[in-house]
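S.K.: Mind having a look at this structure? Questions to follow.
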Amino acid sequence: MERLTKKLEPRVNRRGDDRPRKRSRRTGGPPVAVRTRSLREPAACERCFAVYLNKTWRAAGTERRVPADVTWTLCPACSQVAEQEYFGRVRVLRTLEQEREAEVRRRIWNVERRARATQPERRLVQLGRTSGKLEVLTTSQKLGHRIARELEKAFGGRSHYVWSERDGLLEAEWDPEGQARDATPRARRHARPKAAR
Ligand SMILES: [Zn+2]
């Protein structure tokens, strides 16, 4: 008993605070696979009503219907949000004025809404401020990347990305005043039509 207790590693989140933490890959494989490996089908998420069937999570429809005889659980994304685990972080490098910040927040939520409609695993974990600057935490690298790219496209400036192989984290930064990608002498910025969204 004593030996067993000593062998247990301290939990990553025992830091005496409830700040979000990134999840390490020590568990092996992506969190979705780990969490749903032994789940009895059909299952549904008790928070967001996503349905798990044929080894796939699907977002709830507007009527939030679930199959008969369902196993209620928390879907991987809702678990990550509850535990404040993230695989993507997007930092805005400047303090935005109030109106612009509201626009940026709306845009970020829009990106999330579109993403989670098809992939319920992609979710915001947190959208808040650190030292007056916006910081976004996401359940997946892909969503973090999409948000940073979208901010650059919608509001200008420049985003850059760092993927960490070791802990599976994407760190993105968006500088609203950074030099735009197409601001080179042979800029094609007038030739390229604005993406319809
Ligand atoms: Zn859920």
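Just so we're on the same page: first chain in the structure tokens is A, next is B, and so on; residues restart at 1 for each chain, and ligands are numbered from 1 in the order they show up.
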Where does DSSP see alpha helix (DSSP H) in range 7-181 of chain A, if you list the residues as a PDB file with C-alpha atoms, in the first residue's frame?
M.R.:
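Output contents, as saved in part.pdb:
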ATOM      1  CA  LYS A   7       4.794   5.462  -7.052  1.00  0.00           C
ATOM      2  CA  PRO A  31      -7.407  13.023 -25.415  1.00  0.00           C
ATOM      3  CA  VAL A  32     -10.465  12.110 -27.435  1.00  0.00           C
ATOM      4  CA  ALA A  33      -9.273   8.575 -28.086  1.00  0.00           C
ATOM      5  CA  VAL A  34      -8.182   8.083 -24.488  1.00  0.00           C
ATOM      6  CA  ARG A  35     -11.438   9.304 -23.015  1.00  0.00           C
ATOM      7  CA  THR A  36     -13.838   7.403 -25.234  1.00  0.00           C
ATOM      8  CA  PRO A  76     -14.169  14.966 -24.343  1.00  0.00           C
ATOM      9  CA  ALA A  77     -14.570  18.676 -25.073  1.00  0.00           C
ATOM     10  CA  CYS A  78     -16.828  19.328 -22.069  1.00  0.00           C
ATOM     11  CA  SER A  79     -14.378  17.395 -19.854  1.00  0.00           C
ATOM     12  CA  GLN A  80     -11.509  19.491 -21.137  1.00  0.00           C
ATOM     13  CA  VAL A  81     -13.442  22.695 -20.515  1.00  0.00           C
ATOM     14  CA  ALA A  82     -14.398  21.509 -17.026  1.00  0.00           C
ATOM     15  CA  GLU A  83     -10.786  20.664 -16.236  1.00  0.00           C
ATOM     16  CA  GLN A  98     -13.042  48.607 -26.115  1.00  0.00           C
ATOM     17  CA  GLU A  99     -14.972  48.508 -29.345  1.00  0.00           C
ATOM     18  CA  ARG A 100     -12.310  46.589 -31.199  1.00  0.00           C
ATOM     19  CA  GLU A 101     -12.031  44.116 -28.359  1.00  0.00           C
ATOM     20  CA  ALA A 102     -15.758  43.426 -28.549  1.00  0.00           C
ATOM     21  CA  GLU A 103     -15.454  42.791 -32.296  1.00  0.00           C
ATOM     22  CA  VAL A 104     -12.512  40.488 -31.772  1.00  0.00           C
ATOM     23  CA  ARG A 105     -14.350  38.540 -29.062  1.00  0.00           C
ATOM     24  CA  ARG A 106     -17.376  38.142 -31.315  1.00  0.00           C
ATOM     25  CA  ARG A 107     -15.182  36.925 -34.135  1.00  0.00           C
ATOM     26  CA  ILE A 108     -13.488  34.370 -31.910  1.00  0.00           C
ATOM     27  CA  TRP A 109     -16.813  32.959 -30.740  1.00  0.00           C
ATOM     28  CA  ASN A 110     -18.007  32.806 -34.340  1.00  0.00           C
ATOM     29  CA  VAL A 111     -15.006  30.751 -35.342  1.00  0.00           C
ATOM     30  CA  GLU A 112     -15.683  28.399 -32.443  1.00  0.00           C
ATOM     31  CA  ARG A 113     -19.365  28.079 -33.288  1.00  0.00           C
ATOM     32  CA  ARG A 114     -18.606  27.129 -36.873  1.00  0.00           C
ATOM     33  CA  ALA A 115     -15.895  24.688 -35.854  1.00  0.00           C
ATOM     34  CA  ARG A 116     -17.879  22.871 -33.213  1.00  0.00           C
ATOM     35  CA  ALA A 117     -20.903  22.427 -35.460  1.00  0.00           C
ATOM     36  CA  THR A 118     -18.945  19.844 -37.411  1.00  0.00           C
ATOM     37  CA  GLN A 141      -4.419  22.955 -31.785  1.00  0.00           C
ATOM     38  CA  LYS A 142      -6.471  23.239 -34.942  1.00  0.00           C
ATOM     39  CA  LEU A 143      -9.012  25.585 -33.418  1.00  0.00           C
ATOM     40  CA  GLY A 144      -6.273  27.773 -31.938  1.00  0.00           C
ATOM     41  CA  HIS A 145      -4.643  27.966 -35.336  1.00  0.00           C
ATOM     42  CA  ARG A 146      -7.924  28.774 -37.033  1.00  0.00           C
ATOM     43  CA  ILE A 147      -8.669  31.588 -34.608  1.00  0.00           C
ATOM     44  CA  ALA A 148      -5.261  33.228 -35.006  1.00  0.00           C
ATOM     45  CA  ARG A 149      -5.502  32.956 -38.786  1.00  0.00           C
ATOM     46  CA  GLU A 150      -8.994  34.390 -38.785  1.00  0.00           C
ATOM     47  CA  LEU A 151      -7.971  37.359 -36.611  1.00  0.00           C
ATOM     48  CA  GLU A 152      -5.165  38.175 -39.006  1.00  0.00           C
ATOM     49  CA  LYS A 153      -7.485  37.902 -41.973  1.00  0.00           C
ATOM     50  CA  ALA A 154     -10.312  39.917 -40.454  1.00  0.00           C
ATOM     51  CA  PHE A 155      -8.411  42.646 -38.641  1.00  0.00           C
TER      52      PHE A 155
END
S.K.: Please check which protein, DNA or RNA residues sit within 10 Å of ligand 1, counting only C-alpha atoms and all ligand atoms, and write them as a PyMOL selection string.
M.R.: chain A and resi 44-51+57-60+73-82+120-121+123
S.K.: Would you kindly return, as a count of residues only, each protein, DNA or RNA residue with an atom no farther than 12 Å from any atom of Arg129 in chain A, considering only C-alpha atoms and excluding same-chain residues fewer than 6 positions away?
M.R.: 12
S.K.: Between CA of Leu124 in chain A and CA of Thr62 in chain A, what is the spacing in Å?
M.R.: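 Interatomic distance, CA of Thr62 in chain A to CA of Leu124 in chain A: 19.8 Å.
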S.K.: Identify all residues of range 33-103 of chain A in strand (DSSP E) (DSSP on the backbone) and supply them as a ChimeraX atom specification.
M.R.: /A:43-45,51-53,56-58,71-73,85-86,88-92
